[in-house]
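*Asks:* This is upload.pdb (PDB, C-alpha atoms).
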ATOM      1  CA  MET R 880     110.125  32.629 151.868
ATOM      2  CA  PHE R 881     107.275  35.156 152.027
ATOM      3  CA  LYS R 882     106.516  34.698 148.316
ATOM      4  CA  CYS R 883     106.332  30.941 148.856
ATOM      5  CA  LEU R 884     104.096  31.468 151.900
ATOM      6  CA  SER R 885     101.673  33.579 149.865
ATOM      7  CA  MET R 886     101.549  30.956 147.124
ATOM      8  CA  LEU R 887     100.911  28.251 149.726
ATOM      9  CA  ALA R 888      98.014  30.243 151.167
ATOM     10  CA  VAL R 889      96.414  30.794 147.755
ATOM     11  CA  VAL R 890      96.694  27.127 146.811
ATOM     12  CA  LEU R 891      95.292  25.953 150.126
ATOM     13  CA  VAL R 892      92.472  28.382 150.722
ATOM     14  CA  GLY R 893      91.393  29.678 147.332
ATOM     15  CA  ALA R 894      89.251  32.775 147.888
ATOM     16  CA  PRO R 895      89.971  35.449 150.503
ATOM     17  CA  ALA R 896      88.101  35.297 153.799
ATOM     18  CA  VAL R 897      85.046  37.427 154.539
ATOM     19  CA  ALA R 898      83.768  35.977 157.840
ATOM     20  CA  GLN R 899      84.683  33.919 160.925
ATOM     21  CA  THR R 900      88.415  34.326 160.547
ATOM     22  CA  THR R 901      90.743  33.673 163.493
ATOM     23  CA  VAL R 902      94.091  35.467 163.675
ATOM     24  CA  THR R 903      96.530  34.247 166.330
ATOM     25  CA  LEU R 904      99.914  35.725 167.234
ATOM     26  CA  MET R 905     102.070  33.758 169.689
ATOM     27  CA  HIS R 906     105.428  34.477 171.270
ATOM     28  CA  ASP R 907     107.360  32.527 173.892
ATOM     29  CA  ASN R 908     110.690  33.543 175.356
ATOM     30  CA  ASP R 909     112.931  32.078 178.035
ATOM     31  CA  GLU R 910     114.254  35.540 178.914
ATOM     32  CA  TRP R 911     110.931  36.089 180.708
ATOM     33  CA  ALA R 912     111.983  33.221 182.978
ATOM     34  CA  ASP R 913     115.381  34.883 183.507
ATOM     35  CA  THR R 914     117.264  32.409 181.326
ATOM     36  CA  GLU R 915     118.827  32.678 177.878
ATOM     37  CA  GLU R 916     119.710  29.147 176.865
ATOM     38  CA  GLU R 917     118.383  26.009 175.160
ATOM     39  CA  TYR R 918     115.022  26.864 173.512
ATOM     40  CA  ALA R 919     115.466  30.639 173.494
ATOM     41  CA  GLN R 920     112.352  31.995 171.785
ATOM     42  CA  GLY R 921     109.705  31.391 169.153
ATOM     43  CA  SER R 922     107.100  33.474 167.324
ATOM     44  CA  ARG R 923     104.166  32.230 165.264
ATOM     45  CA  LEU R 924     101.363  33.917 163.331
ATOM     46  CA  SER R 925      98.378  32.014 161.955
ATOM     47  CA  VAL R 926      95.242  32.996 160.028
ATOM     48  CA  VAL R 927      92.410  30.441 159.819
ATOM     49  CA  SER R 928      89.050  31.002 158.099
ATOM     50  CA  GLU R 929      85.814  29.039 157.822
ATOM     51  CA  ASP R 930      85.209  30.618 154.414
ATOM     52  CA  TRP R 931      88.525  29.241 153.198
ATOM     53  CA  GLY R 932      87.500  25.892 154.653
ATOM     54  CA  ARG R 933      84.468  25.835 152.329
ATOM     55  CA  SER R 934      86.674  25.753 149.218
ATOM     56  CA  GLY R 935      86.557  22.573 147.173
ATOM     57  CA  LEU R 936      90.204  21.801 147.878
ATOM     58  CA  ALA R 937      89.866  22.211 151.652
ATOM     59  CA  GLN R 938      86.682  20.132 151.745
ATOM     60  CA  GLY R 939      88.319  17.422 149.651
ATOM     61  CA  VAL R 940      91.396  17.283 151.871
ATOM     62  CA  ALA R 941      89.236  17.230 155.023
ATOM     63  CA  ALA R 942      87.203  14.321 153.650
ATOM     64  CA  TRP R 943      90.370  12.425 152.698
ATOM     65  CA  LEU R 944      92.090  12.828 156.073
ATOM     66  CA  PRO R 945      91.200  10.157 158.660
ATOM     67  CA  GLY R 946      89.113  10.732 161.773
ATOM     68  CA  GLY R 947      86.445  13.081 160.459
ATOM     69  CA  GLU R 948      82.757  12.936 161.365
ATOM     70  CA  ALA R 949      79.601  14.009 159.574
ATOM     71  CA  GLY R 950      78.796  17.632 160.338
ATOM     72  CA  ASP R 951      82.370  18.686 161.136
ATOM     73  CA  ARG R 952      83.166  22.356 160.595
ATOM     74  CA  VAL R 953      86.226  22.881 158.412
ATOM     75  CA  SER R 954      88.537  25.897 158.482
ATOM     76  CA  ALA R 955      91.712  26.395 156.478
ATOM     77  CA  GLY R 956      94.531  28.880 156.598
ATOM     78  CA  PHE R 957      98.224  29.574 156.735
ATOM     79  CA  GLY R 958     100.908  30.537 159.193
ATOM     80  CA  ILE R 959     104.507  31.579 159.572
ATOM     81  CA  GLY R 960     106.838  30.734 162.425
ATOM     82  CA  GLN R 961     110.388  31.323 163.583
ATOM     83  CA  SER R 962     112.268  29.860 166.530
ATOM     84  CA  PHE R 963     115.847  29.423 167.630
ATOM     85  CA  PHE R 964     117.978  27.453 170.069
ATOM     86  CA  VAL R 965     121.276  28.303 171.765
ATOM     87  CA  PRO R 966     123.704  26.550 174.154
ATOM     88  CA  ARG R 967     123.957  27.350 177.865
ATOM     89  CA  ASP R 968     127.253  29.165 177.341
ATOM     90  CA  ILE R 969     126.292  32.014 175.023
ATOM     91  CA  ASP R 970     129.536  33.896 175.745
ATOM     92  CA  ALA R 971     131.715  31.318 173.973
ATOM     93  CA  THR R 972     132.647  32.023 170.360
ATOM     94  CA  THR R 973     133.588  28.403 169.619
ATOM     95  CA  PRO R 974     131.540  25.181 169.883
ATOM     96  CA  VAL R 975     130.932  24.092 173.476
ATOM     97  CA  ALA R 976     131.340  20.419 174.362
ATOM     98  CA  GLU R 977     128.206  18.635 175.651
ATOM     99  CA  GLN R 978     125.933  21.568 174.791
ATOM    100  CA  ARG R 979     123.552  22.032 171.880
ATOM    101  CA  ALA R 980     124.563  23.975 168.795
ATOM    102  CA  TYR R 981     123.020  27.288 167.770
ATOM    103  CA  ALA R 982     120.119  26.700 165.382
ATOM    104  CA  GLY R 983     117.248  28.601 163.768
ATOM    105  CA  TRP R 984     114.027  27.384 162.077
ATOM    106  CA  LEU R 985     111.934  29.608 159.769
ATOM    107  CA  HIS R 986     108.882  28.143 158.076
ATOM    108  CA  GLY R 987     105.591  28.785 156.362
ATOM    109  CA  SER R 988     102.622  26.565 157.207
ATOM    110  CA  GLY R 989      99.425  25.307 155.641
ATOM    111  CA  LEU R 990      96.642  24.618 158.163
ATOM    112  CA  LEU R 991      93.428  22.625 158.132
ATOM    113  CA  VAL R 992      91.169  22.672 161.216
ATOM    114  CA  ARG R 993      88.285  20.222 161.560
ATOM    115  CA  SER R 994      86.017  20.494 164.593
ATOM    116  CA  ASN R 995      82.663  19.863 166.219
ATOM    117  CA  ALA R 996      81.262  20.674 169.660
ATOM    118  CA  SER R 997      83.568  18.285 171.511
ATOM    119  CA  ARG R 998      86.611  17.700 169.268
ATOM    120  CA  GLN R 999      89.148  19.672 167.247
ATOM    121  CA  ASP R1000      91.787  18.378 164.821
ATOM    122  CA  VAL R1001      94.579  20.653 163.590
ATOM    123  CA  TRP R1002      96.555  19.367 160.588
ATOM    124  CA  LYS R1003      99.671  21.327 159.661
ATOM    125  CA  VAL R1004     102.378  21.205 156.987
ATOM    126  CA  ASP R1005     105.539  23.247 157.657
ATOM    127  CA  VAL R1006     107.978  24.073 154.858
ATOM    128  CA  GLY R1007     111.050  26.178 155.483
ATOM    129  CA  VAL R1008     114.734  26.317 156.273
ATOM    130  CA  VAL R1009     116.965  25.482 159.224
ATOM    131  CA  GLY R1010     120.264  27.329 159.459
ATOM    132  CA  PRO R1011     121.606  30.873 158.973
ATOM    133  CA  SER R1012     118.918  31.596 156.359
ATOM    134  CA  ALA R1013     116.336  31.300 159.154
ATOM    135  CA  LEU R1014     117.557  34.785 160.239
ATOM    136  CA  SER R1015     117.863  33.922 163.921
ATOM    137  CA  GLU R1016     121.020  35.943 164.493
ATOM    138  CA  PRO R1017     119.636  39.293 163.231
ATOM    139  CA  LEU R1018     116.338  38.674 165.044
ATOM    140  CA  GLU R1019     118.176  37.926 168.289
ATOM    141  CA  GLU R1020     120.262  41.081 167.899
ATOM    142  CA  PHE R1021     117.141  43.149 167.163
ATOM    143  CA  PHE R1022     115.142  41.972 170.190
ATOM    144  CA  HIS R1023     118.098  42.016 172.562
ATOM    145  CA  GLY R1024     118.871  45.535 171.409
ATOM    146  CA  ILE R1025     115.356  46.574 172.444
ATOM    147  CA  PHE R1026     115.279  44.699 175.762
ATOM    148  CA  ASN R1027     118.991  44.998 176.640
ATOM    149  CA  GLY R1028     119.522  41.241 176.508
ATOM    150  CA  ARG R1029     122.916  39.556 176.684
ATOM    151  CA  ASP R1030     124.943  39.164 173.496
ATOM    152  CA  MET R1031     125.058  35.680 171.988
ATOM    153  CA  ASN R1032     128.529  35.209 170.553
ATOM    154  CA  GLY R1033     128.473  31.791 168.885
ATOM    155  CA  TRP R1034     126.234  32.239 165.851
ATOM    156  CA  ASP R1035     129.133  31.367 163.524
ATOM    157  CA  ASN R1036     128.789  27.812 164.867
ATOM    158  CA  GLN R1037     125.103  27.288 164.116
ATOM    159  CA  ILE R1038     123.689  24.312 162.236
ATOM    160  CA  THR R1039     124.242  24.791 158.518
ATOM    161  CA  ASP R1040     121.490  25.588 156.018
ATOM    162  CA  ARG R1041     119.149  22.818 154.939
ATOM    163  CA  ALA R1042     115.575  22.729 153.615
ATOM    164  CA  ALA R1043     113.070  21.287 156.083
ATOM    165  CA  VAL R1044     109.557  19.832 155.885
ATOM    166  CA  ASN R1045     107.369  18.607 158.743
ATOM    167  CA  VAL R1046     103.782  17.332 158.925
ATOM    168  CA  SER R1047     101.848  17.283 162.202
ATOM    169  CA  VAL R1048      98.379  16.601 163.551
ATOM    170  CA  GLU R1049      96.896  17.290 166.969
ATOM    171  CA  ARG R1050      93.492  16.152 168.233
ATOM    172  CA  ARG R1051      91.884  17.737 171.284
ATOM    173  CA  TRP R1052      88.677  16.808 173.040
ATOM    174  CA  ARG R1053      86.750  18.985 175.472
ATOM    175  CA  ASN R1054      84.296  17.874 178.135
ATOM    176  CA  ILE R1055      82.682  20.998 179.552
ATOM    177  CA  VAL R1056      80.633  20.674 182.750
ATOM    178  CA  PRO R1057      78.684  23.705 184.079
ATOM    179  CA  VAL R1058      79.541  24.679 187.654
ATOM    180  CA  GLY R1059      77.182  27.396 188.832
ATOM    181  CA  GLY R1060      77.681  30.327 186.484
ATOM    182  CA  LEU R1061      81.100  29.012 185.417
ATOM    183  CA  ALA R1062      82.346  25.776 183.849
ATOM    184  CA  PHE R1063      84.963  23.052 184.267
ATOM    185  CA  ASP R1064      86.695  21.179 181.441
ATOM    186  CA  VAL R1065      89.010  18.171 181.279
ATOM    187  CA  SER R1066      90.572  18.145 177.828
ATOM    188  CA  PRO R1067      92.842  15.298 176.661
ATOM    189  CA  ALA R1068      94.978  15.673 173.539
ATOM    190  CA  VAL R1069      97.186  13.513 171.337
ATOM    191  CA  GLY R1070      99.585  14.535 168.594
ATOM    192  CA  LEU R1071     101.957  13.165 165.990
ATOM    193  CA  GLU R1072     104.605  14.839 163.836
ATOM    194  CA  VAL R1073     106.832  13.433 161.109
ATOM    195  CA  GLY R1074     109.424  15.096 158.914
ATOM    196  CA  THR R1075     112.996  16.218 158.507
ATOM    197  CA  VAL R1076     112.807  18.463 161.593
ATOM    198  CA  SER R1077     111.088  16.223 164.134
ATOM    199  CA  VAL R1078     109.581  12.772 164.533
ATOM    200  CA  ALA R1079     107.555  12.614 167.746
ATOM    201  CA  ALA R1080     104.320  11.590 169.465
ATOM    202  CA  ASP R1081     102.529  13.511 172.242
ATOM    203  CA  ALA R1082      99.797  12.880 174.774
ATOM    204  CA  GLY R1083      98.552  15.406 177.284
ATOM    205  CA  LEU R1084      95.762  16.654 179.513
ATOM    206  CA  THR R1085      94.494  20.190 180.126
ATOM    207  CA  VAL R1086      92.175  21.229 182.963
ATOM    208  CA  ARG R1087      90.295  24.529 182.583
ATOM    209  CA  PHE R1088      87.996  26.420 184.946
ATOM    210  CA  GLY R1089      86.175  29.696 184.446
ATOM    211  CA  ALA R1090      83.957  31.371 181.857
ATOM    212  CA  GLY R1091      84.045  31.186 178.068
ATOM    213  CA  LEU R1092      85.377  27.621 177.796
ATOM    214  CA  GLU R1093      83.109  26.910 174.831
ATOM    215  CA  GLU R1094      84.813  29.626 172.767
ATOM    216  CA  ASP R1095      88.015  27.633 172.138
ATOM    217  CA  PHE R1096      89.756  24.317 172.771
ATOM    218  CA  GLY R1097      92.362  25.735 175.112
ATOM    219  CA  ALA R1098      95.611  27.623 174.658
ATOM    220  CA  PRO R1099      97.888  26.432 171.819
ATOM    221  CA  ARG R1100     100.719  24.170 172.911
ATOM    222  CA  VAL R1101     104.259  25.558 172.628
ATOM    223  CA  GLY R1102     105.495  25.259 169.055
ATOM    224  CA  ALA R1103     101.983  24.752 167.669
ATOM    225  CA  LEU R1104      99.828  27.113 165.637
ATOM    226  CA  GLY R1105      96.403  28.217 166.817
ATOM    227  CA  GLY R1106      93.159  26.645 165.647
ATOM    228  CA  SER R1107      89.804  28.366 165.241
ATOM    229  CA  MET R1108      88.000  30.251 168.011
ATOM    230  CA  GLU R1109      84.456  31.518 168.552
ATOM    231  CA  ARG R1110      83.555  35.161 169.024
ATOM    232  CA  GLY R1111      82.320  35.704 172.582
ATOM    233  CA  ASP R1112      79.905  38.206 174.112
ATOM    234  CA  GLY R1113      81.429  40.511 176.702
ATOM    235  CA  TRP R1114      84.213  39.554 179.081
ATOM    236  CA  SER R1115      85.256  36.016 179.964
ATOM    237  CA  LEU R1116      88.151  34.579 181.937
ATOM    238  CA  TYR R1117      89.480  31.120 182.696
ATOM    239  CA  ALA R1118      92.569  29.535 184.211
ATOM    240  CA  PHE R1119      94.208  26.366 182.955
ATOM    241  CA  ALA R1120      96.857  23.816 183.856
ATOM    242  CA  SER R1121      98.260  21.269 181.430
ATOM    243  CA  ALA R1122     100.685  18.363 181.428
ATOM    244  CA  ASN R1123     102.158  16.726 178.346
ATOM    245  CA  ALA R1124     104.333  13.673 177.708
ATOM    246  CA  ARG R1125     106.359  13.315 174.522
ATOM    247  CA  TYR R1126     108.351  10.590 172.811
ATOM    248  CA  GLN R1127     110.954  12.210 170.555
ATOM    249  CA  ALA R1128     112.379   9.738 168.050
ATOM    250  CA  TYR R1129     114.292  12.374 166.053
ATOM    251  CA  ASP R1130     115.157  16.033 166.652
ATOM    252  CA  LEU R1131     117.173  17.785 163.957
ATOM    253  CA  PHE R1132     118.405  20.414 166.415
ATOM    254  CA  LEU R1133     119.988  17.726 168.603
ATOM    255  CA  ASP R1134     120.621  14.746 166.349
ATOM    256  CA  GLU R1135     122.368  17.092 163.911
ATOM    257  CA  ALA R1136     123.901  19.069 166.739
ATOM    258  CA  GLY R1137     126.999  20.162 164.884
ATOM    259  CA  GLY R1138     125.688  20.596 161.381
ATOM    260  CA  GLU R1139     126.381  18.318 158.447
ATOM    261  CA  ASP R1140     128.941  15.519 158.543
ATOM    262  CA  GLY R1141     132.400  16.981 158.217
ATOM    263  CA  ASP R1142     131.592  20.318 159.837
ATOM    264  CA  ALA R1143     134.165  21.331 162.405
ATOM    265  CA  VAL R1144     131.324  22.237 164.770
ATOM    266  CA  ARG R1145     130.177  18.640 165.172
ATOM    267  CA  GLY R1146     133.316  17.586 167.036
ATOM    268  CA  GLY R1147     132.718  20.079 169.843
ATOM    269  CA  SER R1148     129.021  19.491 170.389
ATOM    270  CA  ALA R1149     128.530  15.748 170.826
ATOM    271  CA  ILE R1150     125.296  15.227 172.785
ATOM    272  CA  SER R1151     122.688  12.479 173.080
ATOM    273  CA  LEU R1152     118.944  12.944 172.629
ATOM    274  CA  SER R1153     116.525  12.430 175.542
ATOM    275  CA  LYS R1154     113.729  10.560 173.814
ATOM    276  CA  THR R1155     111.159  10.926 176.593
ATOM    277  CA  ARG R1156     110.149  14.404 177.712
ATOM    278  CA  THR R1157     107.525  16.037 179.903
ATOM    279  CA  GLU R1158     106.079  19.528 179.905
ATOM    280  CA  ALA R1159     103.764  21.402 182.296
ATOM    281  CA  SER R1160     102.040  24.773 181.852
ATOM    282  CA  LEU R1161      99.951  27.155 183.948
ATOM    283  CA  GLY R1162      98.112  30.102 182.478
ATOM    284  CA  VAL R1163      95.157  32.443 182.178
ATOM    285  CA  VAL R1164      92.972  33.276 179.166
ATOM    286  CA  ALA R1165      91.035  36.565 179.143
ATOM    287  CA  ALA R1166      88.635  37.490 176.332
ATOM    288  CA  ASN R1167      86.353  40.364 175.447
ATOM    289  CA  GLY R1168      84.190  39.934 172.357
ATOM    290  CA  PRO R1169      86.498  39.136 169.427
ATOM    291  CA  ALA R1170      89.775  39.649 171.326
ATOM    292  CA  ARG R1171      91.634  37.101 173.433
ATOM    293  CA  LEU R1172      94.827  37.228 175.511
ATOM    294  CA  THR R1173      96.662  34.194 176.891
ATOM    295  CA  VAL R1174      99.529  34.424 179.369
ATOM    296  CA  ALA R1175     101.257  31.198 180.406
ATOM    297  CA  TRP R1176     104.328  29.764 182.096
ATOM    298  CA  THR R1177     105.860  26.497 180.901
ATOM    299  CA  GLU R1178     108.490  24.212 182.401
ATOM    300  CA  GLU R1179     109.872  21.242 180.488
ATOM    301  CA  SER R1180     112.225  18.376 181.210
ATOM    302  CA  THR R1181     115.628  18.053 179.568
ATOM    303  CA  ARG R1182     115.757  17.551 175.800
ATOM    304  CA  TYR R1183     119.184  15.903 175.813
ATOM    305  CA  ASP R1184     121.120  13.887 178.364
ATOM    306  CA  GLN R1185     123.874  16.450 178.949
ATOM    307  CA  GLN R1186     121.439  19.336 179.552
ATOM    308  CA  ALA R1187     122.029  20.967 182.942
ATOM    309  CA  GLY R1188     118.409  20.919 184.111
ATOM    310  CA  ARG R1189     114.770  21.636 183.360
ATOM    311  CA  HIS R1190     113.977  24.651 181.206
ATOM    312  CA  LYS R1191     111.377  27.411 181.713
ATOM    313  CA  TYR R1192     109.856  30.103 179.526
ATOM    314  CA  GLY R1193     106.920  32.470 179.379
ATOM    315  CA  GLU R1194     104.293  32.670 176.645
ATOM    316  CA  VAL R1195     101.936  35.367 175.385
ATOM    317  CA  THR R1196      99.242  34.731 172.760
ATOM    318  CA  LEU R1197      96.939  37.309 171.175
ATOM    319  CA  GLY R1198      93.875  36.169 169.235
ATOM    320  CA  TRP R1199      91.197  37.986 167.242
ATOM    321  CA  VAL R1200      88.032  36.618 165.630
ATOM    322  CA  PHE R1201      86.493  38.518 162.710
TER     323      PHE R1201
END
Once you've parsed the file, please lay out its structure as structure tokens.
*Replies:*
Amino acid sequence: MFKCLSMLAVVLVGAPAVAQTTVTLMHDNDEWADTEEEYAQGSRLSVVSEDWGRSGLAQGVAAWLPGGEAGDRVSAGFGIGQSFFVPRDIDATTPVAEQRAYAGWLHGSGLLVRSNASRQDVWKVDVGVVGPSALSEPLEEFFHGIFNGRDMNGWDNQITDRAAVNVSVERRWRNIVPVGGLAFDVSPAVGLEVGTVSVAADAGLTVRFGAGLEEDFGAPRVGALGGSMERGDGWSLYAFASANARYQAYDLFLDEAGGEDGDAVRGGSAISLSKTRTEASLGVVAANGPARLTVAWTEESTRYDQQAGRHKYGEVTLGWVF
């Protein structure tokens, strides 16, 4: 996986970066909301560089993709992500009826970011594996060993290994209005993803208030990878609230809830996908020069009809601009 990720980065970006590079590390975990079920946790690392965006390949791809404007800044980069899902009953060692199956998703990503003063597009290609090879069980055991989390006993029932590819795009706008020495922003966003993991469309709105709004386009949405940021001068701080609506036409983790046809797991995990979902987040972004910290709380509606209720998790994002 890591060898493939390195090859993907070289093909996409060409030369190594020397300036205006954004590194973003994100982690979200439902244990911070005192739950250990459904979407359990996810971690993502991305590196995006304007220098890489000046390569002939990146410029050619940016020109070919729809929606660009003259004068857009182009950045390119790569990422890696891992996430996993578990049922409500993590004590059971056998499949649990009307609950999701265990599942893990490990992937490398190619990223292209195209932006101007008021708009940012993030195009992403994810290539990886869903199943035991995604290493969710050893990662869960490692982190729960550190934080004394509960044991999850049903990993033998997780979705079986299969290669996975997904392509996604998100467009954000920002409309910054000065308010005294601070600023206010109403930022709509739309997104689309297609692949063997997920087929979905999103629309959302983020409201931000504080200082340093011009340095980014808001906190990355859960499951997304970060775009480019600007290096600020001194301290800045802003608060944000966001709401997102999603139409989910296909979700591998639910539509393939028991693994491949014929797996014994499938018979014990029959569930039906909730195709419309909502999500709301509250958070704070603090920055000092090149460094940025985001802390957020997210609550989402049910992802499948048999789910017991809404789900909550906390998020922490660290960013650095070189």
*Asks:* When distances are computed from all atoms listed in the file, which of R:His906, R:Arg1171, R:Arg1051, R:Lys1003 shows the smallest separation from Val1200 in chain R?
*Replies:* R:Arg1171
*Asks:* Using CA of Ala1159 in chain R and CA of Trp1176 in chain R as the two end points, give the distance in Å to one decimal.
*Replies:* 8.4 Å
*Asks:* On this structure, which residues satisfy the PyMOL selection byres ((chain R and resi 991-996) around 6), written as a ChimeraX atom specification?
*Replies:* /R:951-955,990,997-1002
*Asks:* Quick check, in Å to one decimal: how far apart do CA of Ala1013 in chain R and CA of Gln961 in chain R lie?
*Replies:* 7.4 Å
*Asks:* Taking all listed atoms of range 1016-1023 of chain R, build the axis-aligned box, pad each of the six sides by 3 Å, then write its centre and edge lengths in Å to one decimal as JSON.
*Replies:*
{"center_x": 118.1, "center_y": 39.5, "center_z": 167.9, "size_x": 11.9, "size_y": 13.2, "size_z": 15.3}
*Asks:* Counting only C-alpha atoms, which of R:Leu1131, R:Ala1079, R:Ala971, R:Ala1068 gets nearest to Gly983 in chain R?
*Replies:*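 Once distances to Gly983 in chain R are computed over only C-alpha atoms, the minimum belongs to R:Leu1131.
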*Asks:* So that I can see what lies close to Arg1087 in chain R, please list as a PyMOL selection string the residues with an atom at most 8 Å from it, counting only C-alpha atoms and leaving out residues fewer than 4 positions away in the same chain.
*Replies:* chain R and resi 1063-1066+1092+1097+1117-1120
*Asks:* Check the smallest atom-to-atom distance from each of R:Ala1090, R:Leu1116, R:Ala1175, R:Val1076 to Gly1060 in chain R using all atoms listed in the file, then report the winner.
*Replies:*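 Of the candidates, the smallest distance to Gly1060 in chain R is held by R:Ala1090.
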*Asks:* Excluding Val927 in chain R and its own-chain neighbours fewer than 6 positions away, which residues fall within 6 Å of it when counting all atoms listed in the file? Please give them as a PDB file with C-alpha atoms, keeping the file's coordinate frame.
*Replies:*
ATOM      1  CA  THR R 900      88.415  34.326 160.547  1.00  0.00           C
ATOM      2  CA  THR R 901      90.743  33.673 163.493  1.00  0.00           C
ATOM      3  CA  ALA R 955      91.712  26.395 156.478  1.00  0.00           C
ATOM      4  CA  GLY R 956      94.531  28.880 156.598  1.00  0.00           C
TER       5      GLY R 956
END
*Asks:* So how many Å separate CA of Tyr981 in chain R and CA of Phe964 in chain R, to one decimal?
*Replies:*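 Atom-to-atom, CA of Tyr981 in chain R to CA of Phe964 in chain R, that is 5.5 Å.
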*Asks:* Write out as an mmCIF file with C-alpha atoms, in the frame of the given file each polymer residue whose atoms come within 9 Å of Gly1010 in chain R, counting all atoms listed in the file; drop sequence neighbours fewer than 2 positions from it.
*Replies:*
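For reference, part22.cif as written:
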data_model
loop_
_atom_site.group_PDB
_atom_site.id
_atom_site.type_symbol
_atom_site.label_atom_id
_atom_site.label_comp_id
_atom_site.auth_asym_id
_atom_site.auth_seq_id
_atom_site.Cartn_x
_atom_site.Cartn_y
_atom_site.Cartn_z
ATOM 1 C CA TYR R 981 123.020 27.288 167.770
ATOM 2 C CA ALA R 982 120.119 26.700 165.382
ATOM 3 C CA GLY R 983 117.248 28.601 163.768
ATOM 4 C CA TRP R 984 114.027 27.384 162.077
ATOM 5 C CA LEU R 985 111.934 29.608 159.769
ATOM 6 C CA VAL R 1008 114.734 26.317 156.273
ATOM 7 C CA SER R 1012 118.918 31.596 156.359
ATOM 8 C CA ALA R 1013 116.336 31.300 159.154
ATOM 9 C CA LEU R 1014 117.557 34.785 160.239
ATOM 10 C CA SER R 1015 117.863 33.922 163.921
ATOM 11 C CA GLN R 1037 125.103 27.288 164.116
ATOM 12 C CA ILE R 1038 123.689 24.312 162.236
ATOM 13 C CA THR R 1039 124.242 24.791 158.518
ATOM 14 C CA ASP R 1040 121.490 25.588 156.018
ATOM 15 C CA ARG R 1041 119.149 22.818 154.939
ATOM 16 C CA ALA R 1042 115.575 22.729 153.615
ATOM 17 C CA GLY R 1138 125.688 20.596 161.381
#
